[in-house]
Amino acid sequence: QEQLTESGGGLVQTGGSLRLSCAASGRISSNNGMEWYRQAPGKQRELVATITSAGRTAYADFVKGRFTISRDNAKNTVYLQMNSLKPEDTAIYYCKGYLYGSDYWGQGTQVTVSS
């Protein structure tokens with residue numbers, strides 16, 4: 001069964017770091033390209049970072065220079081390394097994968113940055 005499972009969220013102080021993981025299972029492959037999104041309370045879900053099938057990466061302006069997306073295809077897992085965290089980074093973080101034109105989402109992992 002196709003599934004995405006995020007982990008690694010938690011509570012961190014301003015300036016701290018977290019590394020999120022998104023493990024893909026079933027026929028979803030991290031090699032196909034995946035994305036990280038986030039959704040803060042009362043706000044729309046927004047794209048944070050992308051890694052393509054070719055390994056190219058792209059970031060939203062609000063995380064450039066602080067977050068890094070990467071993957072380990074042997075583990076079928078995508079990561080989001082988050083450094084220099086700010087209170088405005090507080091949100092539920094979701095990974096998104098693709099299979100034959102369909103989108104798959106994980107259940108999300110909560111990141112809370114205290115000031």
# chains A, B, ... in the order shown; residues from 1 in each chain; ligands from 1
>>> residues_around(residues="stretch 3-13 of chain A", least_positions_apart="6", cutoff="6 Å", atoms="only C-alpha atoms", output="list in words")
Arg19, Leu20, Ser21, Cys22, Ala23, Ala24, Ser25, Gly106, Gly108, Thr109, Gln110, Val111, Thr112, Val113 and Ser114 of chain A
>>> residues_around(residues="A:Arg38", least_positions_apart="2", cutoff="8 Å", atoms="only C-alpha atoms", output="number ranges by chain")
A: 36, 40, 45-48, 91-94
>>> residues_around(residues="A:Tyr59", least_positions_apart="3", cutoff="10 Å", atoms="only C-alpha atoms", output="short mmCIF file (atom, residue, chain, number, x, y, z; two decimals) with C-alpha atoms, in the first residue's frame")
data_model
loop_
_atom_site.label_atom_id
_atom_site.label_comp_id
_atom_site.auth_asym_id
_atom_site.auth_seq_id
_atom_site.Cartn_x
_atom_site.Cartn_y
_atom_site.Cartn_z
CA GLU A 35 8.07 17.99 -1.95
CA TRP A 36 7.71 19.36 1.56
CA LEU A 47 5.25 24.76 -0.62
CA VAL A 48 8.54 24.73 1.26
CA ALA A 49 11.00 22.70 -0.81
CA THR A 50 11.18 20.45 -3.85
CA ILE A 51 13.56 17.77 -5.03
CA PHE A 62 11.22 32.23 3.27
CA VAL A 63 13.44 29.17 3.89
CA LYS A 64 16.29 29.73 1.43
CA GLY A 65 19.66 29.42 3.11
CA ARG A 66 18.13 27.78 6.19
CA PHE A 67 16.46 24.57 4.97
CA THR A 68 17.91 21.78 2.86
CA ILE A 69 15.97 19.01 1.12
#
>>> residues_around(residues="A:Ser70", least_positions_apart="4", cutoff="7 Å", atoms="only C-alpha atoms", output="list of chain:residue names")
A:Val78, A:Tyr79, A:Leu80
>>> write_last_selection(atoms="N, CA, C and O atoms", output="PDB file, in the first residue's frame")
ATOM      1  N   VAL A  78      12.984  10.920   2.010  1.00  0.00           N
ATOM      2  CA  VAL A  78      13.358  12.301   1.750  1.00  0.00           C
ATOM      3  C   VAL A  78      13.466  13.022   3.092  1.00  0.00           C
ATOM      4  O   VAL A  78      12.686  12.740   4.010  1.00  0.00           O
ATOM      5  N   TYR A  79      14.418  13.936   3.172  1.00  0.00           N
ATOM      6  CA  TYR A  79      14.671  14.654   4.415  1.00  0.00           C
ATOM      7  C   TYR A  79      14.497  16.161   4.217  1.00  0.00           C
ATOM      8  O   TYR A  79      14.612  16.678   3.106  1.00  0.00           O
ATOM      9  N   LEU A  80      14.240  16.840   5.310  1.00  0.00           N
ATOM     10  CA  LEU A  80      14.245  18.291   5.318  1.00  0.00           C
ATOM     11  C   LEU A  80      15.038  18.726   6.544  1.00  0.00           C
ATOM     12  O   LEU A  80      14.565  18.591   7.672  1.00  0.00           O
TER      13      LEU A  80
END
>>> closest_residue(among="A:Ser30, A:Glu2, A:Asp72, A:Glu88", to="A:Lys43", atoms="only C-alpha atoms")
A:Glu88
>>> atom_distance(atom1="atom CA of A:Arg56", atom2="atom CA of A:Ser84")
22.7 Å
>>> atom_distance(atom1="atom CA of A:Ala54", atom2="atom CA of A:Trp105")
21.0 Å
>>> select_by_dssp(residues="stretch 25-115 of chain A", states="strand (DSSP E or B)", output="VMD selection string")
chain A and resid 25 33 to 39 46 to 52 57 to 59 67 to 72 77 to 82 91 to 99 102 to 105 109 to 114
>>> write_last_selection(atoms="C-alpha atoms", output="PDB file, in the first residue's frame")
ATOM      1  CA  SER A  25       6.383   2.834   0.905  1.00  0.00           C
ATOM      2  CA  GLY A  33      10.737  13.657  -6.882  1.00  0.00           C
ATOM      3  CA  MET A  34       9.018  14.814  -3.740  1.00  0.00           C
ATOM      4  CA  GLU A  35       8.070  17.985  -1.946  1.00  0.00           C
ATOM      5  CA  TRP A  36       7.706  19.363   1.559  1.00  0.00           C
ATOM      6  CA  TYR A  37       4.788  21.628   2.416  1.00  0.00           C
ATOM      7  CA  ARG A  38       3.704  23.255   5.627  1.00  0.00           C
ATOM      8  CA  GLN A  39       0.481  24.609   7.064  1.00  0.00           C
ATOM      9  CA  GLU A  46       2.386  26.318   1.284  1.00  0.00           C
ATOM     10  CA  LEU A  47       5.249  24.761  -0.624  1.00  0.00           C
ATOM     11  CA  VAL A  48       8.537  24.729   1.265  1.00  0.00           C
ATOM     12  CA  ALA A  49      10.998  22.697  -0.807  1.00  0.00           C
ATOM     13  CA  THR A  50      11.179  20.445  -3.853  1.00  0.00           C
ATOM     14  CA  ILE A  51      13.561  17.775  -5.029  1.00  0.00           C
ATOM     15  CA  THR A  52      13.090  16.576  -8.582  1.00  0.00           C
ATOM     16  CA  THR A  57      16.253  21.310  -5.487  1.00  0.00           C
ATOM     17  CA  ALA A  58      14.206  24.443  -5.078  1.00  0.00           C
ATOM     18  CA  TYR A  59      13.098  26.410  -2.029  1.00  0.00           C
ATOM     19  CA  PHE A  67      16.462  24.568   4.973  1.00  0.00           C
ATOM     20  CA  THR A  68      17.909  21.775   2.859  1.00  0.00           C
ATOM     21  CA  ILE A  69      15.973  19.013   1.121  1.00  0.00           C
ATOM     22  CA  SER A  70      17.745  15.757   0.340  1.00  0.00           C
ATOM     23  CA  ARG A  71      16.967  12.107  -0.246  1.00  0.00           C
ATOM     24  CA  ASP A  72      18.332   8.634   0.257  1.00  0.00           C
ATOM     25  CA  THR A  77      13.284   8.553   2.213  1.00  0.00           C
ATOM     26  CA  VAL A  78      13.358  12.301   1.750  1.00  0.00           C
ATOM     27  CA  TYR A  79      14.671  14.654   4.415  1.00  0.00           C
ATOM     28  CA  LEU A  80      14.245  18.291   5.318  1.00  0.00           C
ATOM     29  CA  GLN A  81      17.085  19.715   7.375  1.00  0.00           C
ATOM     30  CA  MET A  82      15.857  22.882   9.073  1.00  0.00           C
ATOM     31  CA  ALA A  91       3.455  24.584  11.363  1.00  0.00           C
ATOM     32  CA  ILE A  92       2.517  21.056  10.475  1.00  0.00           C
ATOM     33  CA  TYR A  93       4.949  19.826   7.842  1.00  0.00           C
ATOM     34  CA  TYR A  94       3.778  17.425   5.156  1.00  0.00           C
ATOM     35  CA  CYS A  95       5.591  15.540   2.447  1.00  0.00           C
ATOM     36  CA  LYS A  96       4.053  14.920  -0.947  1.00  0.00           C
ATOM     37  CA  GLY A  97       4.890  12.203  -3.404  1.00  0.00           C
ATOM     38  CA  TYR A  98       3.671  11.129  -6.806  1.00  0.00           C
ATOM     39  CA  LEU A  99       2.658   7.941  -8.505  1.00  0.00           C
ATOM     40  CA  SER A 102      -1.651  10.980  -8.487  1.00  0.00           C
ATOM     41  CA  ASP A 103      -0.596  12.914  -5.399  1.00  0.00           C
ATOM     42  CA  TYR A 104       0.063  11.226  -2.102  1.00  0.00           C
ATOM     43  CA  TRP A 105       0.374  13.025   1.233  1.00  0.00           C
ATOM     44  CA  THR A 109       4.531  16.204  11.649  1.00  0.00           C
ATOM     45  CA  GLN A 110       4.229  19.171  14.002  1.00  0.00           C
ATOM     46  CA  VAL A 111       7.087  21.634  14.282  1.00  0.00           C
ATOM     47  CA  THR A 112       6.867  24.235  17.021  1.00  0.00           C
ATOM     48  CA  VAL A 113       9.497  26.933  17.426  1.00  0.00           C
ATOM     49  CA  SER A 114       9.414  28.825  20.696  1.00  0.00           C
TER      50      SER A 114
END
>>> atom_distance(atom1="atom CA of A:Ala60", atom2="atom CA of A:Gln107")
21.4 Å
>>> select_by_dssp(residues="chain A", states="helix (DSSP H, G or I)", output="ChimeraX atom specification")
/A:30-32,87-89
>>> write_last_selection(atoms="C-alpha atoms", output="PDB file, in the first residue's frame")
ATOM      1  CA  SER A  30      11.648   9.088  -3.564  1.00  0.00           C
ATOM      2  CA  ASN A  31      13.530   8.953  -6.864  1.00  0.00           C
ATOM      3  CA  ASN A  32      10.476  10.331  -8.655  1.00  0.00           C
ATOM      4  CA  PRO A  87       8.762  31.122  15.448  1.00  0.00           C
ATOM      5  CA  GLU A  88       7.106  31.729  12.060  1.00  0.00           C
ATOM      6  CA  ASP A  89       8.303  28.288  10.957  1.00  0.00           C
TER       7      ASP A  89
END
>>> decode(residues="stretch 52-67 of chain A", atoms="all heavy atoms", output="compact mmCIF listing (two decimals), in the first residue's frame")
# COMPACT_ATOMS: atom_id res chain seq x y z
N THR A 52 13.60 17.20 -7.37
CA THR A 52 13.09 16.58 -8.58
C THR A 52 13.70 15.19 -8.78
O THR A 52 14.62 14.78 -8.07
CB THR A 52 13.41 17.43 -9.81
OG1 THR A 52 14.82 17.38 -10.05
CG2 THR A 52 12.97 18.88 -9.61
N SER A 53 13.20 14.49 -9.80
CA SER A 53 13.75 13.18 -10.13
C SER A 53 15.23 13.28 -10.52
O SER A 53 16.00 12.34 -10.30
CB SER A 53 12.95 12.52 -11.24
OG SER A 53 12.93 13.35 -12.39
N ALA A 54 15.61 14.43 -11.04
CA ALA A 54 17.00 14.64 -11.44
C ALA A 54 17.87 15.10 -10.27
O ALA A 54 19.08 15.27 -10.44
CB ALA A 54 17.07 15.67 -12.56
N GLY A 55 17.25 15.29 -9.14
CA GLY A 55 18.00 15.71 -7.96
C GLY A 55 18.12 17.21 -7.79
O GLY A 55 18.79 17.68 -6.88
N ARG A 56 17.45 17.95 -8.66
CA ARG A 56 17.47 19.40 -8.52
C ARG A 56 16.59 19.79 -7.34
O ARG A 56 15.56 19.19 -7.09
CB ARG A 56 16.99 20.09 -9.78
CG ARG A 56 17.92 19.89 -10.98
CD ARG A 56 17.54 20.81 -12.13
NE ARG A 56 18.41 20.64 -13.27
CZ ARG A 56 18.16 19.83 -14.29
NH1 ARG A 56 17.03 19.14 -14.31
NH2 ARG A 56 19.00 19.73 -15.30
N THR A 57 17.00 20.84 -6.65
CA THR A 57 16.25 21.31 -5.49
C THR A 57 15.80 22.75 -5.68
O THR A 57 16.43 23.52 -6.43
CB THR A 57 17.11 21.22 -4.22
OG1 THR A 57 18.29 22.01 -4.38
CG2 THR A 57 17.51 19.78 -3.92
N ALA A 58 14.73 23.09 -5.03
CA ALA A 58 14.21 24.44 -5.08
C ALA A 58 13.55 24.73 -3.74
O ALA A 58 13.03 23.82 -3.08
CB ALA A 58 13.21 24.62 -6.21
N TYR A 59 13.59 26.02 -3.35
CA TYR A 59 13.10 26.41 -2.03
C TYR A 59 12.24 27.66 -2.11
O TYR A 59 12.46 28.53 -2.95
CB TYR A 59 14.29 26.69 -1.10
CG TYR A 59 15.20 25.51 -0.92
CD1 TYR A 59 16.30 25.32 -1.76
CD2 TYR A 59 14.95 24.56 0.08
CE1 TYR A 59 17.12 24.22 -1.61
CE2 TYR A 59 15.77 23.47 0.23
CZ TYR A 59 16.86 23.30 -0.62
OH TYR A 59 17.68 22.21 -0.47
N ALA A 60 11.29 27.72 -1.18
CA ALA A 60 10.55 28.96 -1.02
C ALA A 60 11.50 30.01 -0.47
O ALA A 60 12.45 29.70 0.26
CB ALA A 60 9.39 28.75 -0.05
N ASP A 61 11.24 31.26 -0.83
CA ASP A 61 12.13 32.34 -0.40
C ASP A 61 12.26 32.40 1.11
O ASP A 61 13.33 32.73 1.63
CB ASP A 61 11.61 33.68 -0.93
CG ASP A 61 11.84 33.86 -2.42
OD1 ASP A 61 12.68 33.11 -2.99
OD2 ASP A 61 11.20 34.74 -3.02
N PHE A 62 11.19 32.07 1.82
CA PHE A 62 11.22 32.23 3.27
C PHE A 62 12.06 31.17 3.98
O PHE A 62 12.26 31.25 5.19
CB PHE A 62 9.80 32.27 3.85
CG PHE A 62 8.89 31.15 3.42
CD1 PHE A 62 8.99 29.90 4.01
CD2 PHE A 62 7.96 31.36 2.43
CE1 PHE A 62 8.16 28.87 3.62
CE2 PHE A 62 7.11 30.33 2.03
CZ PHE A 62 7.21 29.09 2.62
N VAL A 63 12.57 30.16 3.26
CA VAL A 63 13.44 29.17 3.89
C VAL A 63 14.81 29.06 3.22
O VAL A 63 15.67 28.32 3.68
CB VAL A 63 12.80 27.76 3.93
CG1 VAL A 63 11.47 27.81 4.67
CG2 VAL A 63 12.65 27.17 2.53
N LYS A 64 15.01 29.80 2.14
CA LYS A 64 16.29 29.73 1.43
C LYS A 64 17.45 30.05 2.36
O LYS A 64 17.40 31.02 3.12
CB LYS A 64 16.29 30.71 0.26
CG LYS A 64 15.67 30.15 -1.00
CD LYS A 64 15.75 31.16 -2.15
CE LYS A 64 15.06 30.62 -3.38
NZ LYS A 64 15.04 31.63 -4.48
N GLY A 65 18.48 29.22 2.28
CA GLY A 65 19.66 29.42 3.11
C GLY A 65 19.54 28.82 4.49
O GLY A 65 20.53 28.77 5.24
N ARG A 66 18.33 28.36 4.85
CA ARG A 66 18.13 27.78 6.19
C ARG A 66 17.74 26.31 6.12
O ARG A 66 18.11 25.52 6.99
CB ARG A 66 17.05 28.54 6.95
CG ARG A 66 17.36 30.02 7.15
CD ARG A 66 16.33 30.67 8.09
NE ARG A 66 14.98 30.65 7.55
CZ ARG A 66 13.93 30.12 8.20
NH1 ARG A 66 14.09 29.57 9.39
NH2 ARG A 66 12.73 30.17 7.65
N PHE A 67 16.96 25.94 5.12
CA PHE A 67 16.46 24.57 4.97
C PHE A 67 17.16 23.89 3.80
O PHE A 67 17.49 24.53 2.80
CB PHE A 67 14.96 24.56 4.71
CG PHE A 67 14.09 24.98 5.87
CD1 PHE A 67 14.61 25.59 7.00
CD2 PHE A 67 12.72 24.79 5.81
CE1 PHE A 67 13.81 25.97 8.05
CE2 PHE A 67 11.89 25.17 6.86
CZ PHE A 67 12.45 25.77 7.97
